[in-house]
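Quick notes on the structure that follows.
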Amino acid sequence: MHVSDIIALGWLHVAACLIALVTGAWNLALPKGTPMHKRVGRAYIVSMLVVNISVFWLFKFDIAGFVPFRGGPGVFGLFHWFAVAALVCILVGWYAARHQDRAFWAYMHPTMMLLSYYDLVGGGINEAYTRLDPLRALLLASAKGGQPMQAPLIGLTHTAWMAAIFVLVIYFAARVALWRRQARRTSLA
């Protein structure tokens, strides 16, 4: 495992990622709308804020040699855009959770939270292939033209994760539709 290049802020980032992974998965499994769901959701939001804000002070490392990205700090790269996207999803999802009495926000809350979790796990997939020796060896063996992050293995893993999130978005949209239909029937009765 390659962890010797992780700085203190990087370890804070890793800890926040692990908290977000656990609380995000837990909230996917918990009954929705309960006090526990809300408490775990707040922990998820705080950990995701730490994860994505800390990205702006971390270096991008090259998978082949773990050397800092040329240009150093202050270079706004792809991972920074993913952090911006995750922050937008978290903030919109949090706002939507507080306004679920309107149909649009009722659908936006689970969608935005799932998209933020997609971003979190997507980053974890890249880190796993970069830092875990068995996965790194597979990645480097399958790399075309010496470009590890363009290896088919990375694309396949991300595609499978994307498909899983797509299925979950459809599942939770159906649950919201059923919940709204039941609430409408109850209010009419």
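Residues in the structure tokens are numbered from 1 in each chain, the chains being A, B, ... in the order shown, and ligands are numbered from 1 in the order shown.
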
Residues of range 106-176 of chain A within 7 Å of range 88-91 of chain A: nearest atom pair and distance (Å, one decimal) for each, counting only C-alpha atoms, sorted by chain and number, as JSON lines?
{"residue": "A:Met112", "atom": "CA", "partner": "A:Cys89", "partner_atom": "CA", "distance": 4.9}
{"residue": "A:Met113", "atom": "CA", "partner": "A:Ile90", "partner_atom": "CA", "distance": 6.3}
{"residue": "A:Leu115", "atom": "CA", "partner": "A:Cys89", "partner_atom": "CA", "distance": 6.6}
{"residue": "A:Ser116", "atom": "CA", "partner": "A:Cys89", "partner_atom": "CA", "distance": 5.6}

Among range 38-173 of chain A, which residues carry a DSSP assignment of helix (DSSP H, G or I), reported as a ChimeraX atom specification?
/A:38-57,78-97,103-131,133-142,148-150,152-173

Within 12 Å of range 153-157 of chain A: each range 161-182 of chain A residue with its shortest pair, only C-alpha atoms, as JSON lines:
{"residue": "A:Trp161", "atom": "CA", "partner": "A:Thr157", "partner_atom": "CA", "distance": 6.3}
{"residue": "A:Met162", "atom": "CA", "partner": "A:Thr157", "partner_atom": "CA", "distance": 8.6}
{"residue": "A:Ala163", "atom": "CA", "partner": "A:Thr157", "partner_atom": "CA", "distance": 10.0}
{"residue": "A:Ala164", "atom": "CA", "partner": "A:Thr157", "partner_atom": "CA", "distance": 10.8}

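Shell of range 82-84 of chain A at 12 Å, with only C-alpha atoms counted and residues fewer than 3 places along the chain excluded, is A:Met48, A:Leu49, A:Val50, A:Val51, A:Asn52, A:Ile53, A:Ser54, A:Val55, A:Phe56, A:Trp57, A:Leu58, A:Phe76, A:Gly77, A:Leu78, A:Phe79, A:Leu87, A:Val88, A:Cys89, A:Ile90, A:Leu91, A:Leu115, A:Ser116, A:Tyr117, A:Tyr118, A:Asp119, A:Leu120, A:Val121, A:Gly122, A:Gly123.
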
Please dump the current selection as an mmCIF file, in the first residue's frame; keep C-alpha atoms.
data_model
loop_
_atom_site.group_PDB
_atom_site.id
_atom_site.type_symbol
_atom_site.label_atom_id
_atom_site.label_comp_id
_atom_site.auth_asym_id
_atom_site.auth_seq_id
_atom_site.Cartn_x
_atom_site.Cartn_y
_atom_site.Cartn_z
ATOM 1 C CA MET A 48 -18.498 15.609 2.566
ATOM 2 C CA LEU A 49 -17.852 19.314 3.134
ATOM 3 C CA VAL A 50 -14.498 18.441 4.741
ATOM 4 C CA VAL A 51 -13.696 15.980 1.937
ATOM 5 C CA ASN A 52 -14.427 18.378 -0.882
ATOM 6 C CA ILE A 53 -13.054 21.570 0.635
ATOM 7 C CA SER A 54 -9.789 19.834 1.585
ATOM 8 C CA VAL A 55 -9.303 18.803 -2.066
ATOM 9 C CA PHE A 56 -8.429 22.393 -2.926
ATOM 10 C CA TRP A 57 -5.257 22.166 -0.808
ATOM 11 C CA LEU A 58 -4.103 18.711 -1.884
ATOM 12 C CA PHE A 76 -7.287 23.961 -10.842
ATOM 13 C CA GLY A 77 -7.646 20.466 -12.295
ATOM 14 C CA LEU A 78 -10.200 17.770 -12.968
ATOM 15 C CA PHE A 79 -10.414 16.604 -9.349
ATOM 16 C CA LEU A 87 -20.328 20.489 -3.144
ATOM 17 C CA VAL A 88 -23.158 21.648 -5.406
ATOM 18 C CA CYS A 89 -24.895 18.259 -5.048
ATOM 19 C CA ILE A 90 -24.527 18.320 -1.257
ATOM 20 C CA LEU A 91 -25.842 21.860 -0.910
ATOM 21 C CA LEU A 115 -24.803 11.940 -7.114
ATOM 22 C CA SER A 116 -22.602 13.212 -4.285
ATOM 23 C CA TYR A 117 -22.089 9.608 -3.135
ATOM 24 C CA TYR A 118 -21.290 8.628 -6.726
ATOM 25 C CA ASP A 119 -18.568 11.286 -6.768
ATOM 26 C CA LEU A 120 -17.192 10.102 -3.415
ATOM 27 C CA VAL A 121 -16.977 6.445 -4.411
ATOM 28 C CA GLY A 122 -15.622 7.387 -7.855
ATOM 29 C CA GLY A 123 -12.704 9.120 -6.171
#

Separating CA of His80 in chain A from CA of His13 in chain A, to the nearest tenth of an Å, is a gap of 13.8 Å

Within 9 Å of Gly24 in chain A using only C-alpha atoms, minus same-chain residues under 2 positions, as a VMD selection string
chain A and resid 19 to 22 26 to 29 40 to 41 43 to 44 113 to 114 117
